[in-house]
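Novice: Please find target.cif (mmCIF, C-alpha atoms) on the next line:
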data_entry
#
loop_
_atom_site.label_atom_id
_atom_site.label_comp_id
_atom_site.auth_asym_id
_atom_site.auth_seq_id
_atom_site.Cartn_x
_atom_site.Cartn_y
_atom_site.Cartn_z
CA MET A 13 -49.58 19.64 2.46
CA SER A 14 -48.12 16.15 2.44
CA SER A 15 -48.46 14.10 -0.77
CA LYS A 16 -48.35 10.39 -1.37
CA ALA A 17 -47.93 8.12 -4.38
CA GLU A 18 -49.63 4.79 -4.97
CA LEU A 19 -47.59 2.02 -6.56
CA HIS A 20 -49.55 -0.93 -7.90
CA PHE A 21 -47.79 -4.17 -8.82
CA ASP A 22 -48.63 -7.83 -9.27
CA GLY A 23 -49.93 -9.02 -5.96
CA GLY A 24 -50.50 -5.74 -4.21
CA SER A 25 -49.95 -2.02 -3.84
CA VAL A 26 -48.07 0.32 -1.54
CA THR A 27 -48.40 3.94 -0.53
CA LEU A 28 -45.17 5.91 -0.73
CA PRO A 29 -44.48 9.34 0.77
CA MET A 30 -43.39 12.26 -1.40
CA VAL A 31 -41.15 15.24 -0.69
CA GLU A 32 -41.02 18.62 -2.40
CA GLY A 33 -37.90 20.74 -2.69
CA SER A 34 -37.74 24.47 -2.11
CA GLU A 35 -37.79 25.07 -5.88
CA GLY A 36 -40.78 22.80 -6.48
CA GLU A 37 -38.98 19.58 -7.38
CA ARG A 38 -41.00 16.55 -6.30
CA ALA A 39 -39.71 13.09 -5.44
CA ILE A 40 -41.19 9.77 -4.39
CA VAL A 41 -39.42 8.41 -1.32
CA ILE A 42 -38.64 4.72 -1.86
CA GLU A 43 -36.41 4.24 1.18
CA ASN A 44 -38.66 1.52 2.64
CA LEU A 45 -39.91 0.05 -0.64
CA ARG A 46 -37.94 -3.21 -0.41
CA ALA A 47 -38.80 -3.73 3.24
CA GLU A 48 -42.52 -3.32 2.55
CA THR A 49 -42.83 -5.06 -0.82
CA GLY A 50 -39.65 -7.01 -1.58
CA LEU A 51 -39.19 -4.83 -4.69
CA ILE A 52 -36.38 -2.48 -5.67
CA THR A 53 -36.20 0.15 -8.41
CA LEU A 54 -33.93 -0.21 -11.44
CA ASP A 55 -32.43 3.07 -12.72
CA PRO A 56 -29.18 2.55 -14.69
CA GLY A 57 -26.96 5.60 -14.32
CA TYR A 58 -29.24 6.98 -11.58
CA ALA A 59 -30.70 9.46 -14.06
CA ASN A 60 -34.02 9.54 -12.20
CA THR A 61 -32.81 8.75 -8.70
CA GLY A 62 -32.26 11.36 -6.02
CA SER A 63 -29.43 10.22 -3.75
CA CYS A 64 -29.90 12.93 -1.16
CA GLU A 65 -31.62 16.15 -0.17
CA SER A 66 -29.17 19.03 -0.50
CA ARG A 67 -29.00 22.76 0.27
CA ILE A 68 -25.91 23.51 -1.80
CA THR A 69 -26.58 23.85 -5.54
CA PHE A 70 -29.74 24.27 -7.61
CA ILE A 71 -29.86 23.61 -11.35
CA ASP A 72 -32.78 24.09 -13.74
CA GLY A 73 -31.57 22.73 -17.04
CA GLU A 74 -34.66 23.84 -18.95
CA GLN A 75 -34.32 27.47 -17.89
CA GLY A 76 -30.52 27.61 -17.82
CA ILE A 77 -30.33 28.36 -14.09
CA LEU A 78 -27.40 27.62 -11.78
CA ARG A 79 -27.34 28.86 -8.17
CA TYR A 80 -24.94 28.23 -5.29
CA ARG A 81 -26.71 28.43 -1.92
CA GLY A 82 -29.44 30.50 -3.59
CA TYR A 83 -27.11 33.01 -5.28
CA PRO A 84 -27.32 33.14 -9.12
CA ILE A 85 -24.04 32.14 -10.72
CA GLU A 86 -24.11 35.37 -12.74
CA HIS A 87 -24.01 37.48 -9.55
CA LEU A 88 -21.29 35.41 -7.90
CA ALA A 89 -19.13 35.53 -11.02
CA GLU A 90 -19.46 39.31 -11.25
CA ARG A 91 -19.05 40.25 -7.58
CA CYS A 92 -17.07 37.54 -5.77
CA THR A 93 -13.70 35.82 -5.85
CA PHE A 94 -13.17 32.08 -5.95
CA LEU A 95 -12.20 31.93 -2.29
CA GLU A 96 -15.40 33.81 -1.33
CA VAL A 97 -17.45 31.31 -3.33
CA SER A 98 -15.52 28.43 -1.78
CA TYR A 99 -16.41 29.70 1.69
CA LEU A 100 -20.05 30.09 0.65
CA LEU A 101 -20.31 26.54 -0.67
CA MET A 102 -18.67 24.92 2.33
CA PHE A 103 -20.14 26.99 5.15
CA GLY A 104 -23.49 28.17 3.78
CA GLU A 105 -23.05 31.95 3.78
CA LEU A 106 -20.82 34.49 2.07
CA PRO A 107 -18.02 35.50 4.45
CA THR A 108 -17.70 38.83 6.22
CA GLN A 109 -14.49 40.70 5.53
CA GLN A 110 -13.03 39.39 8.78
CA GLN A 111 -14.00 35.80 7.97
CA LEU A 112 -12.63 36.11 4.42
CA ASP A 113 -9.33 37.59 5.64
CA ARG A 114 -8.88 34.75 8.11
CA PHE A 115 -9.84 32.08 5.58
CA SER A 116 -7.76 33.51 2.72
CA GLY A 117 -4.78 34.10 4.99
CA SER A 118 -4.84 30.51 6.17
CA ILE A 119 -5.09 29.19 2.60
CA ILE A 120 -2.28 31.37 1.26
CA ASN A 121 0.00 30.44 4.16
CA HIS A 122 -0.45 26.69 3.72
CA THR A 123 0.28 26.34 -0.01
CA MET A 124 3.70 24.70 0.50
CA ILE A 125 3.84 20.93 0.49
CA HIS A 126 6.21 18.72 2.46
CA GLU A 127 9.68 18.50 0.91
CA ASP A 128 9.45 14.71 0.85
CA PHE A 129 6.73 14.97 -1.78
CA ARG A 130 9.52 15.67 -4.25
CA LEU A 131 10.55 12.03 -3.86
CA PHE A 132 7.04 10.96 -4.88
CA TYR A 133 7.23 12.96 -8.09
CA ARG A 134 10.68 11.60 -8.92
CA ALA A 135 9.26 8.08 -8.78
CA LEU A 136 6.72 8.93 -11.51
CA PRO A 137 7.46 8.58 -15.23
CA LYS A 138 7.81 11.90 -17.03
CA ASP A 139 4.75 11.17 -19.13
CA ALA A 140 2.51 10.32 -16.15
CA HIS A 141 -0.84 12.05 -16.52
CA PRO A 142 -1.16 14.95 -14.05
CA MET A 143 -4.55 13.65 -12.88
CA ALA A 144 -2.94 10.38 -11.81
CA ALA A 145 -0.29 12.36 -9.93
CA CYS A 146 -2.91 14.63 -8.32
CA SER A 147 -4.99 11.69 -7.14
CA ALA A 148 -1.95 9.90 -5.72
CA MET A 149 -0.58 13.00 -3.98
CA VAL A 150 -3.93 13.95 -2.44
CA ALA A 151 -4.33 10.42 -1.09
CA ALA A 152 -0.76 10.63 0.23
CA LEU A 153 -1.66 13.73 2.27
CA ALA A 154 -3.30 11.31 4.71
CA THR A 155 0.12 9.80 5.41
CA PHE A 156 1.72 13.18 6.06
CA TYR A 157 -1.13 14.51 8.23
CA PRO A 158 -2.47 11.63 10.33
CA ASP A 159 -3.44 14.20 12.97
CA SER A 160 -6.48 15.40 11.00
CA LEU A 161 -8.23 12.36 9.54
CA ASP A 162 -11.28 11.92 11.78
CA PRO A 163 -14.39 12.92 9.77
CA ARG A 164 -16.36 13.33 13.02
CA ASN A 165 -13.92 15.80 14.61
CA PRO A 166 -14.83 19.37 13.50
CA ARG A 167 -11.39 20.80 14.22
CA GLU A 168 -9.58 18.05 12.32
CA VAL A 169 -11.99 18.46 9.40
CA GLU A 170 -11.36 22.21 9.32
CA ILE A 171 -7.61 21.66 9.22
CA SER A 172 -7.93 19.13 6.38
CA ILE A 173 -10.16 21.50 4.40
CA HIS A 174 -7.62 24.32 4.59
CA ARG A 175 -4.77 21.99 3.69
CA LEU A 176 -6.57 20.61 0.66
CA ILE A 177 -7.66 23.92 -0.82
CA ALA A 178 -4.22 25.41 -0.19
CA LYS A 179 -2.13 22.53 -1.52
CA LEU A 180 -4.03 21.16 -4.53
CA PRO A 181 -2.85 23.97 -6.87
CA THR A 182 0.74 23.32 -5.76
CA ILE A 183 0.32 19.56 -6.26
CA ALA A 184 -1.17 20.08 -9.75
CA ALA A 185 1.50 22.58 -10.83
CA TYR A 186 4.30 20.30 -9.63
CA ALA A 187 2.83 17.44 -11.68
CA TYR A 188 3.17 19.66 -14.75
CA LYS A 189 6.68 20.83 -13.85
CA HIS A 190 7.77 17.22 -13.35
CA SER A 191 6.44 16.24 -16.79
CA ILE A 192 8.56 18.89 -18.56
CA GLY A 193 11.65 18.55 -16.40
CA GLN A 194 11.54 22.03 -14.89
CA PRO A 195 12.32 22.80 -11.23
CA PHE A 196 9.50 23.16 -8.74
CA MET A 197 8.84 26.76 -7.70
CA TYR A 198 7.98 27.63 -4.13
CA PRO A 199 4.67 29.44 -3.55
CA ASP A 200 4.70 33.21 -3.03
CA ASN A 201 2.50 34.28 -0.12
CA GLN A 202 2.23 37.79 -1.54
CA LEU A 203 0.18 36.60 -4.50
CA SER A 204 -3.50 35.74 -4.76
CA TYR A 205 -4.74 32.14 -4.87
CA VAL A 206 -4.92 32.14 -8.67
CA GLY A 207 -1.85 34.32 -9.12
CA ASN A 208 0.15 31.88 -7.06
CA PHE A 209 -1.02 28.94 -9.17
CA LEU A 210 -0.09 30.72 -12.42
CA ARG A 211 3.36 31.44 -11.01
CA LEU A 212 3.84 27.83 -9.91
CA MET A 213 2.82 26.67 -13.39
CA PHE A 214 4.65 29.07 -15.67
CA SER A 215 7.58 30.71 -13.85
CA THR A 216 11.19 29.51 -13.66
CA PRO A 217 14.14 30.54 -11.45
CA CYS A 218 15.77 32.13 -14.51
CA GLU A 219 13.59 35.24 -14.72
CA SER A 220 10.92 37.20 -12.93
CA PHE A 221 7.29 36.37 -13.54
CA GLU A 222 4.46 38.88 -13.67
CA VAL A 223 0.87 37.69 -13.27
CA ASP A 224 -1.33 39.17 -15.98
CA PRO A 225 -4.46 40.54 -14.26
CA VAL A 226 -6.71 39.70 -17.22
CA VAL A 227 -5.58 36.08 -17.22
CA GLU A 228 -5.77 35.94 -13.43
CA LYS A 229 -9.35 37.21 -13.48
CA ALA A 230 -10.37 34.75 -16.22
CA ILE A 231 -8.96 31.74 -14.37
CA ASP A 232 -10.56 32.87 -11.08
CA LEU A 233 -13.84 33.13 -12.97
CA LEU A 234 -13.45 29.64 -14.43
CA LEU A 235 -12.83 28.21 -10.98
CA ILE A 236 -16.06 29.83 -9.74
CA LEU A 237 -18.04 28.40 -12.65
CA HIS A 238 -16.67 24.91 -11.99
CA ALA A 239 -16.98 25.04 -8.19
CA ASP A 240 -20.06 22.80 -7.90
CA HIS A 241 -22.64 21.22 -10.17
CA GLU A 242 -25.00 19.21 -8.00
CA GLN A 243 -24.84 15.38 -7.94
CA ASN A 244 -22.57 14.74 -10.92
CA CYS A 245 -20.32 11.68 -11.26
CA SER A 246 -17.34 12.94 -9.26
CA THR A 247 -19.47 14.59 -6.57
CA SER A 248 -21.49 11.41 -6.12
CA THR A 249 -18.21 9.52 -5.88
CA VAL A 250 -16.97 11.81 -3.09
CA ARG A 251 -20.25 11.33 -1.22
CA ILE A 252 -20.35 7.55 -1.54
CA VAL A 253 -16.69 7.13 -0.55
CA GLY A 254 -17.22 9.53 2.33
CA SER A 255 -20.26 7.58 3.48
CA SER A 256 -17.88 4.78 4.56
CA HIS A 257 -16.30 7.34 6.93
CA ALA A 258 -13.14 7.40 4.86
CA ASN A 259 -11.06 10.51 5.57
CA LEU A 260 -11.51 13.64 3.46
CA PHE A 261 -8.24 13.13 1.55
CA ALA A 262 -9.35 9.64 0.45
CA ALA A 263 -12.78 10.87 -0.68
CA ILE A 264 -11.31 13.77 -2.68
CA SER A 265 -8.71 11.49 -4.27
CA ALA A 266 -11.57 9.27 -5.46
CA GLY A 267 -13.39 12.32 -6.83
CA ILE A 268 -10.31 13.35 -8.80
CA ASN A 269 -10.21 9.90 -10.42
CA ALA A 270 -13.90 10.13 -11.33
CA LEU A 271 -13.37 13.59 -12.85
CA TRP A 272 -10.48 12.24 -14.93
CA GLY A 273 -12.87 10.33 -17.20
CA PRO A 274 -13.33 11.84 -20.69
CA ARG A 275 -17.11 11.67 -20.26
CA HIS A 276 -16.86 13.97 -17.25
CA GLY A 277 -13.97 16.37 -16.65
CA GLY A 278 -12.09 15.62 -19.85
CA ALA A 279 -14.56 17.41 -22.13
CA ASN A 280 -12.55 20.62 -22.46
CA GLN A 281 -9.51 18.60 -23.50
CA GLU A 282 -11.64 16.93 -26.17
CA VAL A 283 -12.48 20.39 -27.55
CA ILE A 284 -8.80 21.10 -28.21
CA GLU A 285 -8.28 17.62 -29.66
CA MET A 286 -11.18 18.32 -32.06
CA LEU A 287 -9.59 21.62 -33.13
CA GLN A 288 -6.27 19.83 -33.66
CA ALA A 289 -7.99 17.19 -35.79
CA ILE A 290 -9.57 19.88 -37.97
CA SER A 291 -6.21 21.60 -38.41
CA GLU A 292 -4.25 18.40 -39.13
CA ALA A 293 -6.81 17.22 -41.68
CA GLY A 294 -6.62 20.54 -43.50
CA LEU A 295 -10.40 20.94 -43.31
CA SER A 296 -12.27 24.19 -43.41
CA VAL A 297 -14.59 24.82 -40.49
CA ARG A 298 -17.58 24.56 -42.86
CA GLU A 299 -16.39 21.15 -44.08
CA PHE A 300 -16.02 19.88 -40.52
CA VAL A 301 -19.45 21.15 -39.49
CA GLU A 302 -21.03 19.41 -42.47
CA ARG A 303 -19.29 16.19 -41.48
CA ALA A 304 -20.50 16.55 -37.91
CA LYS A 305 -24.06 16.99 -39.16
CA SER A 306 -23.88 13.86 -41.32
CA SER A 307 -25.15 10.59 -39.85
CA ASP A 308 -22.65 8.77 -42.08
CA ASP A 309 -19.62 10.45 -40.50
CA THR A 310 -18.04 9.86 -37.08
CA SER A 311 -16.94 13.49 -36.63
CA ARG A 312 -18.37 15.05 -33.50
CA LEU A 313 -18.71 18.66 -32.47
CA MET A 314 -17.19 18.78 -28.98
CA GLY A 315 -17.97 21.55 -26.50
CA PHE A 316 -21.49 22.16 -27.77
CA GLY A 317 -24.69 21.23 -25.92
CA HIS A 318 -24.99 19.83 -22.40
CA ARG A 319 -26.68 16.86 -20.75
CA VAL A 320 -28.34 19.04 -18.11
CA TYR A 321 -28.82 22.42 -19.80
CA LYS A 322 -31.37 22.16 -22.60
CA ASN A 323 -31.48 25.78 -23.77
CA PHE A 324 -28.14 27.33 -22.83
CA ASP A 325 -25.32 26.87 -20.37
CA PRO A 326 -25.37 29.92 -18.05
CA ARG A 327 -21.69 29.40 -17.33
CA ALA A 328 -20.82 29.68 -21.02
CA LYS A 329 -22.54 33.05 -21.33
CA ILE A 330 -20.38 34.33 -18.46
CA ILE A 331 -17.05 32.97 -19.62
CA LYS A 332 -17.43 33.94 -23.28
CA LYS A 333 -16.50 37.58 -22.64
CA ALA A 334 -13.54 36.56 -20.47
CA CYS A 335 -12.39 34.27 -23.27
CA TYR A 336 -12.32 37.12 -25.77
CA ASP A 337 -10.68 39.45 -23.21
CA VAL A 338 -7.84 36.93 -22.80
CA LEU A 339 -7.40 36.47 -26.55
CA GLN A 340 -7.34 40.23 -27.10
CA ARG A 341 -4.99 40.91 -24.17
CA LEU A 342 -2.46 38.25 -25.15
CA GLY A 343 -2.74 38.89 -28.88
CA VAL A 344 -2.33 35.19 -29.42
CA GLN A 345 -1.86 34.12 -33.04
CA ASN A 346 -2.79 30.46 -32.94
CA LYS A 347 -4.37 28.35 -35.65
CA LEU A 348 -6.45 26.35 -33.15
CA LEU A 349 -7.89 29.49 -31.60
CA GLU A 350 -8.74 30.89 -35.03
CA ILE A 351 -10.59 27.66 -35.82
CA ALA A 352 -12.41 27.85 -32.48
CA VAL A 353 -13.63 31.41 -33.10
CA GLU A 354 -14.80 30.55 -36.62
CA LEU A 355 -16.45 27.33 -35.43
CA GLU A 356 -18.42 29.15 -32.75
CA GLU A 357 -19.64 31.82 -35.17
CA LEU A 358 -20.69 29.27 -37.78
CA ALA A 359 -22.44 26.85 -35.42
CA LEU A 360 -24.43 29.61 -33.72
CA LYS A 361 -25.89 30.60 -37.09
CA ASP A 362 -26.44 27.14 -38.56
CA ASP A 363 -30.08 26.03 -38.45
CA TYR A 364 -29.07 22.44 -37.71
CA PHE A 365 -27.40 23.40 -34.43
CA VAL A 366 -29.88 26.15 -33.55
CA GLU A 367 -32.85 23.78 -33.88
CA ARG A 368 -31.10 21.16 -31.72
CA LYS A 369 -29.95 23.76 -29.18
CA LEU A 370 -26.31 22.82 -29.65
CA TYR A 371 -24.78 26.00 -28.22
CA PRO A 372 -21.18 26.40 -26.98
CA ASN A 373 -20.89 25.21 -23.38
CA VAL A 374 -18.40 26.10 -20.65
CA ASP A 375 -15.99 23.38 -21.81
CA PHE A 376 -15.66 25.02 -25.22
CA TYR A 377 -14.58 28.39 -23.84
CA SER A 378 -12.47 27.02 -20.99
CA GLY A 379 -10.46 24.91 -23.41
CA VAL A 380 -9.80 27.97 -25.59
CA ILE A 381 -8.68 30.05 -22.57
CA TYR A 382 -6.37 27.32 -21.26
CA THR A 383 -4.77 26.97 -24.69
CA ALA A 384 -4.35 30.72 -25.08
CA ILE A 385 -2.34 31.03 -21.85
CA GLY A 386 -0.10 28.10 -22.78
CA THR A 387 -1.63 25.34 -20.69
CA PRO A 388 -0.93 21.83 -22.07
CA ASP A 389 -3.96 19.67 -22.86
CA ASN A 390 -3.35 17.22 -20.03
CA MET A 391 -3.52 20.01 -17.42
CA PHE A 392 -7.08 21.06 -18.32
CA THR A 393 -8.69 18.49 -16.03
CA PRO A 394 -6.42 19.19 -13.03
CA MET A 395 -7.45 22.85 -13.28
CA PHE A 396 -11.08 21.70 -13.37
CA ALA A 397 -10.37 19.70 -10.19
CA ILE A 398 -8.98 22.78 -8.42
CA GLY A 399 -12.23 24.59 -9.18
CA ARG A 400 -14.47 21.68 -8.20
CA LEU A 401 -12.66 21.03 -4.90
CA PRO A 402 -14.79 23.33 -2.66
CA GLY A 403 -17.96 21.79 -4.08
CA TRP A 404 -16.72 18.29 -3.32
CA ILE A 405 -15.84 19.37 0.21
CA ALA A 406 -19.22 21.05 0.70
CA GLN A 407 -21.03 17.90 -0.42
CA TRP A 408 -18.84 15.75 1.85
CA LEU A 409 -19.60 18.02 4.81
CA GLU A 410 -23.33 17.94 4.10
CA MET A 411 -23.31 14.17 3.75
CA HIS A 412 -21.84 13.87 7.26
CA GLU A 413 -24.24 16.45 8.69
CA GLN A 414 -27.13 14.35 7.36
CA ARG A 415 -25.68 11.17 8.88
CA GLN A 416 -26.07 9.53 5.50
CA LYS A 417 -26.07 5.76 5.49
CA ILE A 418 -23.18 4.02 3.79
CA GLY A 419 -23.82 3.96 0.05
CA ARG A 420 -24.89 0.52 -1.06
CA PRO A 421 -26.88 0.34 -4.34
CA ARG A 422 -28.93 -2.77 -5.13
CA GLN A 423 -28.97 -4.73 -8.38
CA VAL A 424 -31.18 -7.01 -10.45
CA TYR A 425 -29.18 -10.22 -10.86
CA GLN A 426 -29.34 -11.73 -14.38
CA GLY A 427 -26.69 -14.43 -14.04
CA GLU A 428 -26.80 -18.22 -13.80
CA LYS A 429 -28.91 -19.93 -11.17
CA THR A 430 -27.41 -22.47 -8.76
CA ARG A 431 -25.05 -24.86 -10.57
CA GLU A 432 -23.06 -27.93 -9.60
CA ILE A 433 -19.30 -28.02 -10.10
CA THR A 434 -18.17 -30.58 -12.68
CA PRO A 435 -14.86 -32.23 -11.74
CA ILE A 436 -12.00 -30.73 -13.76
CA ALA A 437 -11.38 -33.96 -15.66
CA GLY A 438 -14.91 -33.84 -17.03
CA ARG A 439 -15.10 -30.18 -18.08
#
Could you write out this file's structure as structure tokens?
Specialist:
Amino acid sequence: MSSKAELHFDGGSVTLPMVEGSEGERAIVIENLRAETGLITLDPGYANTGSCESRITFIDGEQGILRYRGYPIEHLAERCTFLEVSYLLMFGELPTQQQLDRFSGSIINHTMIHEDFRLFYRALPKDAHPMAACSAMVAALATFYPDSLDPRNPREVEISIHRLIAKLPTIAAYAYKHSIGQPFMYPDNQLSYVGNFLRLMFSTPCESFEVDPVVEKAIDLLLILHADHEQNCSTSTVRIVGSSHANLFAAISAGINALWGPRHGGANQEVIEMLQAISEAGLSVREFVERAKSSDDTSRLMGFGHRVYKNFDPRAKIIKKACYDVLQRLGVQNKLLEIAVELEELALKDDYFVERKLYPNVDFYSGVIYTAIGTPDNMFTPMFAIGRLPGWIAQWLEMHEQRQKIGRPRQVYQGEKTREITPIAGR
């Protein structure tokens, strides 16, 4: 049954069509509103504006639901690998064994980057943020592979997809190695996707490196949990840049820059910075929590609560066990991790946080895991980007399939009206 909405305004009214999603979401279609009435809508931050119809990810923040292509995140995290989930997001179905073997084999065999990229890294200061390096290097892929830039050529798009997923972990790891002055390690095609990344990050030519299976599993799980999250800031950026028919490398580079912002992908780094602040100030966890509860104090509890999830973050429930598995396996004795464990226990029992539904989110646990395995703070967001990459690609593919118009938001102008220029001598 088709539904319509009536909009009444000074001087008239208009009937607008409505659409309903497969999970019951309803939306008023305002595509022709300006043409029919001369009016536009004003929605700062697009909090109530649907930019597209999508088949990729469903979120119900009230119920704590996250599904990729209809599959609950809990099931995917338990039964699939990151590369399986990547295939699902981009191509709509979980792969058969033959499809997965072909896809994984292609990814593993394209993890090396061109030797001339080393010159790019040498040009960067040692303290360059890895996200800046990742964005620059991904954009530079378009200069090395001009044979696969046409967003309307399926074969060229496929090649670019494989190159991006294969090479981003190498690009991110090399940014880290450059910052600490260690030599770049070549990928090992005998290792898994995550195992290879861990080797690129933490091994040196001086000694052999063994990938810990518990750590490998936890990082693979984190990548799955970060793989897509509907129309967030970075995903919307990838879509709007892609709508200009920019190549895939350019769109993903823009998404990396959007994710870099502390209000988006930098949240797990803020968790560790909060733990460091508690430690450096010599505060007990109880003292910090009381400060965070006070309206007269600027202390903030990072890694708790979520803009979308109003009851609990389903990703946090999944990663919590992996977090404790990693801590137990590594036997890490670290003051920050001790504070994190105590902080979680206290906040979950405190009426103030319980009443406000301020539960630990995925950023809290991911930050703890990254710290436990020795990842520096500034590499948290690049690892987030590696996980989010297949979601960005899936959204970019869908945007092209839908023949989306070039993104061009409107505005309500509040500036000066027409003015005359006063000669400079009289100003």
Novice: Would you work out the distance separating atom CA of His241 of chain A from atom CA of Gly403 of chain A, expressed in Å to one decimal?
Specialist: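 Interatomic distance, atom CA of His241 of chain A to atom CA of Gly403 of chain A: 7.7 Å.
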Novice: Would you pick out the contacts of Leu88 of chain A at 8 Å or less, using all atoms listed in the file, so that residues sharing its chain but fewer than 4 positions from it are not included, and give the list as JSON, numbers by chain?
Specialist: {"A": [83, 84, 92, 93, 97, 236]}
Novice: Run the PyMOL selection byres ((chain A and resi 68) around 9) mentally over the shown coordinates, then write out the matched residues as a list in words, using the chain letters and numbers from the document.
Specialist: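 So the PyMOL selection byres ((chain A and resi 68) around 9) ends up selecting Ser66, Arg67, Thr69, Phe70, Arg79, Tyr80, Arg81, Gly82, Leu101, Met102, Gly104, Asp240, Glu242, Gly403, Ala406, Gln407 and Glu410 of chain A.
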Novice: Taking into account only C-alpha atoms, which residue in the set A:Val320, A:Leu161, A:Ala359, A:Ile40 is nearest to Asp72 of chain A?
Specialist: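 So, comparing all the options, the nearest one is A:Val320.
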Novice: Pick from A:Ile268, A:Leu409, A:Val283, A:Val226: nearest to Gln340 of chain A, with all atoms listed in the file counted?
Specialist: A:Val226
Novice: At most 8 Å is the cut-off: for each residue in segment 101-150 of chain A with any atom that close to an atom of segment 171-180 of chain A, write down the nearest atom pair and the distance in Å rounded to one decimal, counting all atoms listed in the file, chain first then increasing number, as a tab-separated table.
Specialist:
residue	atom	partner	partner_atom	distance
A:Ser118	CA	A:His174	CA	7.0
A:Ile119	CA	A:Ala178	CA	4.8
A:Ile120	CA	A:Ala178	CA	6.4
A:Asn121	CA	A:Ala178	CA	7.9
A:His122	CA	A:Ala178	CA	5.6
A:Thr123	CA	A:Ala178	CA	4.6
A:Met124	CA	A:Lys179	CA	6.5
A:Ile125	CA	A:Lys179	CA	6.5
A:Cys146	CA	A:Leu180	CA	7.6
A:Val150	CA	A:Leu180	CA	7.5
Novice: Would you please work out which residue, of A:Tyr336, A:Trp408, A:Phe94, A:Tyr425, is nearest to Ile252 of chain A when using all atoms listed in the file?
Specialist: A:Trp408
